[in-house]
$ cat start.cif   # mmCIF, C-alpha atoms
data_final
loop_
_atom_site.label_atom_id
_atom_site.label_comp_id
_atom_site.auth_asym_id
_atom_site.auth_seq_id
_atom_site.Cartn_x
_atom_site.Cartn_y
_atom_site.Cartn_z
CA MET G 1 -30.11 -92.67 -2.74
CA ALA G 2 -30.23 -89.74 -0.39
CA ARG G 3 -30.28 -90.53 3.30
CA HIS G 4 -32.25 -88.41 5.74
CA ASP G 5 -32.47 -88.45 9.51
CA PRO G 6 -35.66 -90.35 10.44
CA LEU G 7 -35.52 -88.80 13.91
CA ALA G 8 -35.23 -85.19 12.75
CA ASN G 9 -38.56 -84.49 14.49
CA PRO G 10 -38.27 -86.55 17.70
CA GLU G 11 -41.58 -85.43 19.24
CA GLU G 12 -43.49 -86.57 16.16
CA ALA G 13 -41.55 -89.85 16.08
CA VAL G 14 -42.31 -90.62 19.73
CA ARG G 15 -45.98 -89.61 19.32
CA ARG G 16 -46.45 -91.84 16.27
CA VAL G 17 -44.68 -94.84 17.79
CA TYR G 18 -46.54 -94.49 21.10
CA ALA G 19 -49.92 -94.13 19.36
CA TYR G 20 -49.24 -97.30 17.37
CA ALA G 21 -48.03 -99.20 20.45
CA ALA G 22 -51.06 -98.02 22.45
CA TYR G 23 -53.40 -99.37 19.78
CA ARG G 24 -51.63 -102.72 19.91
CA LEU G 25 -51.00 -102.98 23.67
CA GLY G 26 -53.28 -100.44 25.31
CA ASP G 27 -52.31 -97.15 26.93
CA GLY G 28 -49.81 -97.42 29.71
CA ALA G 29 -46.51 -98.89 30.75
CA GLU G 30 -46.28 -101.60 28.08
CA ALA G 31 -46.82 -99.07 25.27
CA GLU G 32 -44.28 -96.75 26.90
CA ASP G 33 -41.73 -99.58 27.17
CA VAL G 34 -42.20 -100.53 23.52
CA THR G 35 -41.94 -96.87 22.49
CA SER G 36 -38.67 -96.49 24.42
CA ALA G 37 -37.23 -99.68 22.94
CA THR G 38 -38.29 -98.61 19.45
CA ILE G 39 -36.73 -95.16 19.73
CA GLU G 40 -33.56 -96.71 21.18
CA ARG G 41 -33.31 -99.05 18.19
CA ALA G 42 -34.06 -96.22 15.79
CA LEU G 43 -31.25 -94.18 17.33
CA ARG G 44 -28.88 -97.14 17.12
CA TYR G 45 -29.74 -97.92 13.51
CA ARG G 46 -30.64 -94.47 12.18
CA SER G 47 -27.71 -94.53 9.76
CA SER G 48 -29.27 -97.54 8.02
CA TYR G 49 -32.46 -95.60 7.17
CA ASP G 50 -32.86 -95.12 3.42
CA ALA G 51 -35.43 -92.51 2.38
CA GLY G 52 -35.67 -94.19 -1.03
CA LYS G 53 -37.29 -97.22 0.59
CA GLY G 54 -40.05 -95.36 2.43
CA ASP G 55 -40.86 -92.51 4.73
CA PRO G 56 -39.45 -92.18 8.25
CA GLY G 57 -42.80 -92.85 9.93
CA ALA G 58 -43.21 -96.20 8.22
CA TRP G 59 -39.59 -97.10 9.09
CA LEU G 60 -40.24 -96.33 12.76
CA VAL G 61 -43.51 -98.27 12.78
CA GLY G 62 -41.70 -101.22 11.22
CA ILE G 63 -39.27 -101.19 14.14
CA ALA G 64 -42.20 -100.85 16.55
CA ARG G 65 -43.97 -103.85 14.97
CA ARG G 66 -40.93 -106.04 15.53
CA THR G 67 -40.52 -104.71 19.07
CA ILE G 68 -44.17 -105.51 19.87
CA ASP G 69 -43.83 -108.99 18.37
CA GLU G 70 -40.80 -109.57 20.60
CA HIS G 71 -42.73 -108.21 23.58
CA TYR G 72 -45.53 -110.74 22.98
CA ARG G 73 -43.07 -113.59 22.56
CA ARG G 74 -41.16 -112.67 25.74
CA GLN G 75 -44.25 -112.18 27.84
CA ALA G 76 -46.30 -114.97 26.20
CA LEU G 77 -49.34 -112.79 26.71
CA ALA G 78 -52.73 -114.35 26.29
CA GLU G 79 -55.26 -112.21 24.47
CA THR G 80 -57.77 -110.63 26.78
CA VAL G 81 -60.93 -108.78 25.99
CA ALA G 82 -61.95 -105.82 28.09
CA THR G 83 -65.41 -105.95 29.63
CA VAL G 84 -67.69 -102.97 29.52
CA PRO G 85 -68.90 -101.91 32.98
CA GLU G 86 -72.50 -100.97 33.74
CA ARG G 87 -73.26 -97.30 33.24
CA ASN G 88 -74.26 -95.55 36.49
CA ASP G 89 -75.14 -92.06 35.27
CA ASP G 90 -74.76 -89.66 32.36
CA ASP G 91 -71.25 -88.48 33.25
CA PRO G 92 -69.52 -87.52 29.94
CA PHE G 93 -66.15 -88.79 31.20
CA GLU G 94 -67.74 -92.11 32.11
CA ASP G 95 -69.48 -92.28 28.73
CA ARG G 96 -66.17 -91.76 26.92
CA SER G 97 -64.51 -94.37 29.12
CA VAL G 98 -67.26 -96.88 28.42
CA GLU G 99 -67.03 -96.12 24.68
CA ARG G 100 -63.27 -96.69 24.73
CA LEU G 101 -63.68 -99.97 26.59
CA ALA G 102 -66.35 -101.06 24.12
CA MET G 103 -64.05 -100.14 21.25
CA ALA G 104 -61.13 -102.02 22.84
CA ALA G 105 -63.35 -105.07 23.33
CA ALA G 106 -64.53 -104.92 19.71
CA VAL G 107 -60.96 -104.52 18.41
CA GLY G 108 -60.02 -107.53 20.56
CA HIS G 109 -62.56 -109.61 18.62
CA LEU G 110 -61.01 -108.77 15.25
CA ASP G 111 -58.59 -111.26 13.77
CA PRO G 112 -54.87 -110.43 14.15
CA ARG G 113 -54.54 -109.09 10.60
CA GLU G 114 -57.49 -106.75 11.05
CA ARG G 115 -56.18 -105.55 14.43
CA GLU G 116 -52.79 -104.87 12.84
CA LEU G 117 -54.36 -102.86 10.00
CA ILE G 118 -56.50 -100.81 12.40
CA ALA G 119 -53.45 -100.14 14.61
CA LEU G 120 -51.31 -99.10 11.65
CA ARG G 121 -54.01 -96.85 10.21
CA TYR G 122 -55.39 -95.20 13.34
CA GLY G 123 -52.67 -95.80 15.93
CA ALA G 124 -49.63 -95.06 13.81
CA ASP G 125 -51.60 -92.69 11.55
CA LEU G 126 -50.22 -94.28 8.39
CA THR G 127 -51.98 -93.97 5.05
CA ALA G 128 -53.16 -97.06 3.18
CA ARG G 129 -50.26 -96.57 0.79
CA GLN G 130 -47.71 -96.44 3.63
CA ILE G 131 -49.26 -99.55 5.18
CA ALA G 132 -49.12 -101.33 1.83
CA ASP G 133 -45.44 -100.44 1.45
CA LEU G 134 -44.71 -101.58 5.00
CA LEU G 135 -46.52 -104.91 4.56
CA GLY G 136 -45.41 -105.51 0.96
CA GLN G 137 -48.97 -105.43 -0.37
CA ARG G 138 -50.91 -103.46 -2.94
CA THR G 139 -52.57 -100.26 -1.75
CA ASN G 140 -55.97 -101.42 -3.00
CA THR G 141 -55.63 -104.67 -1.03
CA VAL G 142 -54.96 -102.71 2.16
CA GLU G 143 -57.84 -100.30 1.49
CA VAL G 144 -60.31 -103.15 0.96
CA ALA G 145 -59.07 -105.00 4.06
CA LEU G 146 -59.34 -101.81 6.14
CA HIS G 147 -62.86 -101.17 4.84
CA ARG G 148 -63.95 -104.69 5.79
CA ALA G 149 -62.27 -104.51 9.21
CA LEU G 150 -63.99 -101.19 9.94
CA ALA G 151 -67.35 -102.60 8.85
CA ARG G 152 -66.89 -105.55 11.24
CA LEU G 153 -65.79 -103.19 14.00
CA ARG G 154 -68.82 -100.93 13.50
CA GLY G 155 -71.12 -103.93 13.59
CA MET G 156 -69.62 -105.21 16.83
CA VAL G 157 -69.77 -101.81 18.54
CA GLU G 158 -73.36 -101.21 17.44
CA GLU G 159 -74.31 -104.70 18.62
CA ALA G 160 -72.73 -104.08 22.03
CA ASN G 161 -74.23 -100.60 22.36
CA PRO G 162 -77.48 -100.28 20.37
CA GLU G 163 -78.39 -96.87 21.86
CA PRO G 164 -77.49 -94.41 19.04
CA ALA G 165 -77.81 -91.37 21.32
CA VAL G 166 -74.96 -92.66 23.53
CA ARG G 167 -72.34 -92.88 20.79
CA LYS G 168 -70.69 -89.52 20.18
CA PRO G 169 -67.90 -88.74 17.70
CA GLY G 170 -64.46 -89.04 19.24
CA PHE G 171 -61.64 -91.44 19.87
CA GLY G 172 -63.76 -94.19 21.40
CA SER G 173 -66.57 -94.10 18.87
CA VAL G 174 -66.84 -95.76 15.51
CA GLU G 175 -67.74 -92.38 14.00
CA GLY G 176 -64.28 -91.16 15.06
CA ILE G 177 -62.61 -93.87 12.97
#
$ encode --input "start.cif" --output "structure tokens"
Amino acid sequence: MARHDPLANPEEAVRRVYAYAAYRLGDGAEAEDVTSATIERALRYRSSYDAGKGDPGAWLVGIARRTIDEHYRRQALAETVATVPERNDDDPFEDRSVERLAMAAAVGHLDPRERELIALRYGADLTARQIADLLGQRTNTVEVALHRALARLRGMVEEANPEPAVRKPGFGSVEGI
């Protein structure tokens, strides 16, 4: 099997790992720490990467998954759900912030498997096929599970924010998923 360098495009690797970590841990220092630890491990073990077993992005996300699991074990973090603050005015920045908090709260209510699938799909930007390969499942199984998780997520967000005019396409909205 031919071996390729999984870190040939380091900016893309860091972006993908950070996006995945941010979906799992939230934006900020924890996601940055996990990204750093993941890239460090990838650099240390890059010679073990085998392109015949999957693409570099999935390999990196696999390392990130283990790093996040270790992070949770070390920190013994309790799950918390973000609360959505009251809206004071029609400030677009505030609206986007409220939408992101509502989305984070809804994702927090998903079961761990659903959260993992959402993070892999939208945080790490993996396809259903790549997720299936990473998790050792069939692509169709992943697609169905993602569809159901998104339907639950949409229902929770719509329940929390029934005003259709407030939700705009973008990162924090269900339409952006």
$ atom_distance --input "start.cif" --atom1 "atom CA of G:Lys53" --atom2 "atom CA of G:Gln137"
14.3 Å
$ closest_residue --input "start.cif" --among "G:Glu143, G:Asp33, G:Asp111, G:Glu158" --to "G:Ala128" --atoms "all atoms listed in the file"
G:Glu143
$ closest_residue --input "start.cif" --among "G:Val34, G:Arg65, G:Met103, G:Ala149" --to "G:Ile118" --atoms "all atoms listed in the file"
G:Ala149
$ residues_around --input "start.cif" --residues "G:Glu11" --least-positions-apart "6" --cutoff "12 Å" --atoms "all atoms listed in the file" --output "PyMOL selection string"
chain G and resi 17-18+35+39+57
$ atom_distance --input "start.cif" --atom1 "atom CA of G:Thr67" --atom2 "atom CA of G:Tyr49"
17.0 Å
$ closest_residue --input "start.cif" --among "G:Arg41, G:Arg100, G:His4, G:Arg121" --to "G:Leu150" --atoms "all atoms listed in the file"
G:Arg121
$ closest_residue --input "start.cif" --among "G:Val14, G:Pro6, G:Arg129, G:Ala21" --to "G:Asp50" --atoms "only C-alpha atoms"
G:Pro6
$ residues_near_point --input "start.cif" --point "(-51.6, -93.9, 12.5)" --cutoff "12 Å" --atoms "all atoms listed in the file" --output "VMD selection string"
chain G and resid 12 to 13 15 to 24 57 to 58 60 to 61 116 to 128 130 to 131 177
$ atom_distance --input "start.cif" --atom1 "atom CA of G:Arg46" --atom2 "atom CA of G:Arg66"
15.8 Å
$ residues_around --input "start.cif" --residues "G:Val142" --least-positions-apart "3" --cutoff "7 Å" --atoms "all atoms listed in the file" --output "count of residues only"
6
$ closest_residue --input "start.cif" --among "G:Pro56, G:Gly136, G:Pro92, G:Gly155" --to "G:Leu110" --atoms "only C-alpha atoms"
G:Gly155
$ closest_residue --input "start.cif" --among "G:Asp69, G:Glu99, G:Asp133, G:Glu159" --to "G:Thr38" --atoms "only C-alpha atoms"
G:Asp69
